[in-house]
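**Q** Got a structure here, written out as structure tokens. Questions coming.
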Amino acid sequence: MGLDELGDWRRSHYSSEINPALDGSDVTIFGWIEDIRDLGRIKFLTLRDREGLIQITAKEGRASPQVLGKLELLGRQYVIGVRGRVKAVKEAPRGVEVEPSEIKILGIAKHPLPIDPTGRVPAEIDVRLDNRVLDLRGPIPSAIFKMRHVVVGEIRNFLAEEGFLEVHTPKIISSATEGGAALFAMEFFKRKAYLAQSPELYKEQLSSVFEKVFEIGTYFRAEESHTRRHLNEFISVDVEEAFVGMEDVMDVQERLILRVADRVARSCRTELELLGVKAPAPRAPFRRYSYDEILEELKGLGFDLEWGEDIPTPAYRELGKLHRGEYYFIINWPTKAKPFYIKPIPNDPDRCYSFDFMYEWIEISSGGARVDDKDLLVRRLVEQGLDPSDFQHFLRAFDFGMPPHAGFGMGLDRLMMVLTGMENIREVVLFPRDRFRLEP
Ligand code: AMO
């Protein structure tokens, strides 16, 4: 079947803009066919565009033979343009429909379709992800990604208003940042290079120039674990500030969450309703528990962890039940459980100025105050089994005047899981990458 040319047709209205008050007006609309109902003498099409749905109604006797002929050719998810007249009709969804005077077929869809994007016929997440573009046309993914757009915009506005400068650091790097094991190696002409795991070493250096910086960027980790909250490619919101300590950047994190939650509650009502989640209403100030206190809580829950250990997932799961609906910080971790760049507490060097920011059982961000003394940094690198010569460029910045500084990195995808109530991080990422998924 030949496709029609777009020609001079341009959209006059989105579906959501067509309401009973437009009764009698001529409109041009575009979209994807969600449903076709053929009742013989009357045919209903539901057309979806990015804003929602509109009903197209063609009656024999009223519609032209051209229109009736075109209707015979259509299938679900075909892309069409419709010119027609708006009619206020009580029985129609939202009390309005469009009577077509001309239809253009602009794109076809092959049948049978692999999934039903309306979600009425549920499909496994893997099948949905294999057909992600079609899947994204459904109302739930659509709500998630509209909300994600609002969230990213608000984070950017908030940080800019707080005086942070947005920066972009390299993603092709020559040495590990967050530990060697989870690095993706690549060939960089004749040299070996890696994909950045975080902007840590760059944002720290830039705090010695611009004092307050942030970056929203893509990072890569070769972690083999296949979980519902890890991907091999994820987006992090990184913040770094000079002349402050851990508590100050925790306050930034707290204000950021309050601001985003407020914005989502005000701007995403439709999306929240569709997702079936309550508007976020975090109660500040967020509680700050020490690692030692959390270990005690876990003991009470039956997890006898050795001091210094990282907290395993099953323990986090139980901890989350204890902290239901709560955003909270876990601070002052054992130094050996954190990366080399986190500053040990001078009079208690087994503990460090670090925090994880949590919602229930999910870690949303982590950060802390940084080692700002070069000799200590070199010692910390060696203690962690790293070779200081791999970090010579980072270390050199400490010869150029490095201020005390602190910061954090927040997983944007994790935050979106929390705000949308999704249990699987793949739901909130357009084209997720994990060990088993490199496509689409
Ligand atoms: P960390 O390694 O804890 O800290 O990462 C920061 C935040 O990024 C998110 N995150 C991930 N999200 C999805 N998939 C993953 N595989 C993944 N790994 C991490 C989490 C996590 O809290 N440089 C430090 C931050 C700092 O100190 O400023 C860092 O990278 O939400």
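Identifiers for the structure tokens are assigned positionally: chains receive A, B, ... in sequence, residues are indexed from 1 per chain, and ligands are indexed from 1 in the order shown.
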Just want the 8 Å neighbourhood of A:Lys374, counted on only C-alpha atoms, with same-chain residues fewer than 6 positions away dropped. Output as a PyMOL selection string.
**A** chain A and resi 395+398-399
**Q** Do a neighbour search on A:Pro432 at 10 Å with only C-alpha atoms, toss out local chain neighbours closer than 3 positions, and write the hits as a PyMOL selection string.
**A** chain A and resi 129+132+231-234+425-429+437-440
**Q** Please identify every polymer residue within 7 Å of ligand 1, using only C-alpha atoms and all ligand atoms, and present the set as a ChimeraX atom specification.
**A** /A:178,197-200,221,223,229-234,236,238-239,356,363-368,407-414
**Q** If you run DSSP on the backbone here, which positions in stretch 266-391 of chain A get helix (DSSP H, G or I)? Please write them as a VMD selection string.
**A** chain A and resid 266 to 267 269 to 275 291 to 300 313 to 322 335 to 337 374 to 383 388 to 391
**Q** Of the candidates A:Ile294, A:Leu159, A:Leu183, A:Leu272, which shows the shortest atom-to-atom distance to A:Glu224, using only C-alpha atoms?
**A** A:Leu183
**Q** Name the closest residue to A:Glu60 among the candidates A:Arg370, A:Arg228, A:Arg128, A:Lys43; distances are taken between atoms, counting only C-alpha atoms.
**A**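 Ranking A:Arg370, A:Arg228, A:Arg128, A:Lys43 by distance to A:Glu60, first place goes to A:Lys43.
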**Q** A:Leu322, A:Val27, A:Ala58, A:Val209: which is nearest A:Thr46, counting only C-alpha atoms?
**A**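 Answer, going by the shortest atom-to-atom distance: A:Ala58.
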**Q** Work out how far apart atom CA of A:Leu6 and atom CA of A:Gln55 are and give it in Å to one decimal.
**A**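 Atom-to-atom, atom CA of A:Leu6 to atom CA of A:Gln55, that is 21.4 Å.
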**Q** Could you tell me, as number ranges by chain, which residues of stretch 151-348 of chain A DSSP assigns to strand (DSSP E) when given the backbone?
**A** A: 165-166, 172-173, 185-188, 191-195, 212-220, 233-242, 287-290, 327-331, 344-345, 348
**Q** Which residue, A:Val150, A:Val260, A:Leu319, A:Ile342, has the smallest gap to A:Glu296 when you use only C-alpha atoms?
**A**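 Result for the nearest residue to A:Glu296: A:Leu319.
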**Q** Can you list, as a list of chain:residue names, every protein, DNA or RNA residue that comes within 6 Å of stretch 352-355 of chain A when you count only C-alpha atoms, leaving out same-chain residues fewer than 4 positions away?
**A**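 Result of the neighbour search: A:Ile330, A:Ile331, A:Asn332, A:Trp333, A:Thr335, A:Lys343, A:Pro344, A:Ile345, A:Ser366, A:Gly367, A:Gly368, A:Ala369.
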**Q** Could you write those residues out with N, CA, C and O atoms, as a compact mmCIF listing (two decimals), in the first residue's frame?
**A**
# COMPACT_ATOMS: atom_id res chain seq x y z
N ILE A 330 22.21 7.36 55.91
CA ILE A 330 23.09 6.53 56.75
C ILE A 330 24.47 7.16 56.65
O ILE A 330 25.02 7.27 55.55
N ILE A 331 24.99 7.61 57.80
CA ILE A 331 26.24 8.39 57.75
C ILE A 331 27.39 7.69 58.48
O ILE A 331 27.17 6.70 59.20
N ASN A 332 28.56 8.24 58.30
CA ASN A 332 29.77 7.79 59.00
C ASN A 332 30.03 6.29 58.85
O ASN A 332 30.10 5.53 59.81
N TRP A 333 30.17 5.90 57.61
CA TRP A 333 30.44 4.50 57.27
C TRP A 333 31.87 4.13 57.67
O TRP A 333 32.73 5.01 57.81
N THR A 335 35.52 3.38 57.09
CA THR A 335 36.40 3.89 56.02
C THR A 335 36.70 2.81 54.99
O THR A 335 36.73 3.06 53.80
N LYS A 343 36.82 11.06 52.97
CA LYS A 343 37.70 11.53 54.05
C LYS A 343 37.44 10.80 55.37
O LYS A 343 36.32 10.82 55.89
N PRO A 344 38.49 10.17 55.93
CA PRO A 344 38.33 9.56 57.26
C PRO A 344 38.13 10.66 58.30
O PRO A 344 38.64 11.77 58.14
N ILE A 345 37.40 10.35 59.36
CA ILE A 345 37.20 11.32 60.43
C ILE A 345 38.53 11.41 61.20
O ILE A 345 39.02 10.38 61.68
N SER A 366 24.93 8.55 47.07
CA SER A 366 25.95 8.43 48.10
C SER A 366 26.94 9.56 47.90
O SER A 366 27.08 10.10 46.81
N GLY A 367 27.60 9.91 48.98
CA GLY A 367 28.54 11.02 48.89
C GLY A 367 29.27 11.21 50.19
O GLY A 367 29.24 10.35 51.07
N GLY A 368 29.91 12.37 50.30
CA GLY A 368 30.64 12.64 51.52
C GLY A 368 31.63 13.76 51.36
O GLY A 368 31.67 14.42 50.31
N ALA A 369 32.44 13.95 52.41
CA ALA A 369 33.54 14.90 52.32
C ALA A 369 34.72 14.16 51.72
O ALA A 369 34.86 12.94 51.89
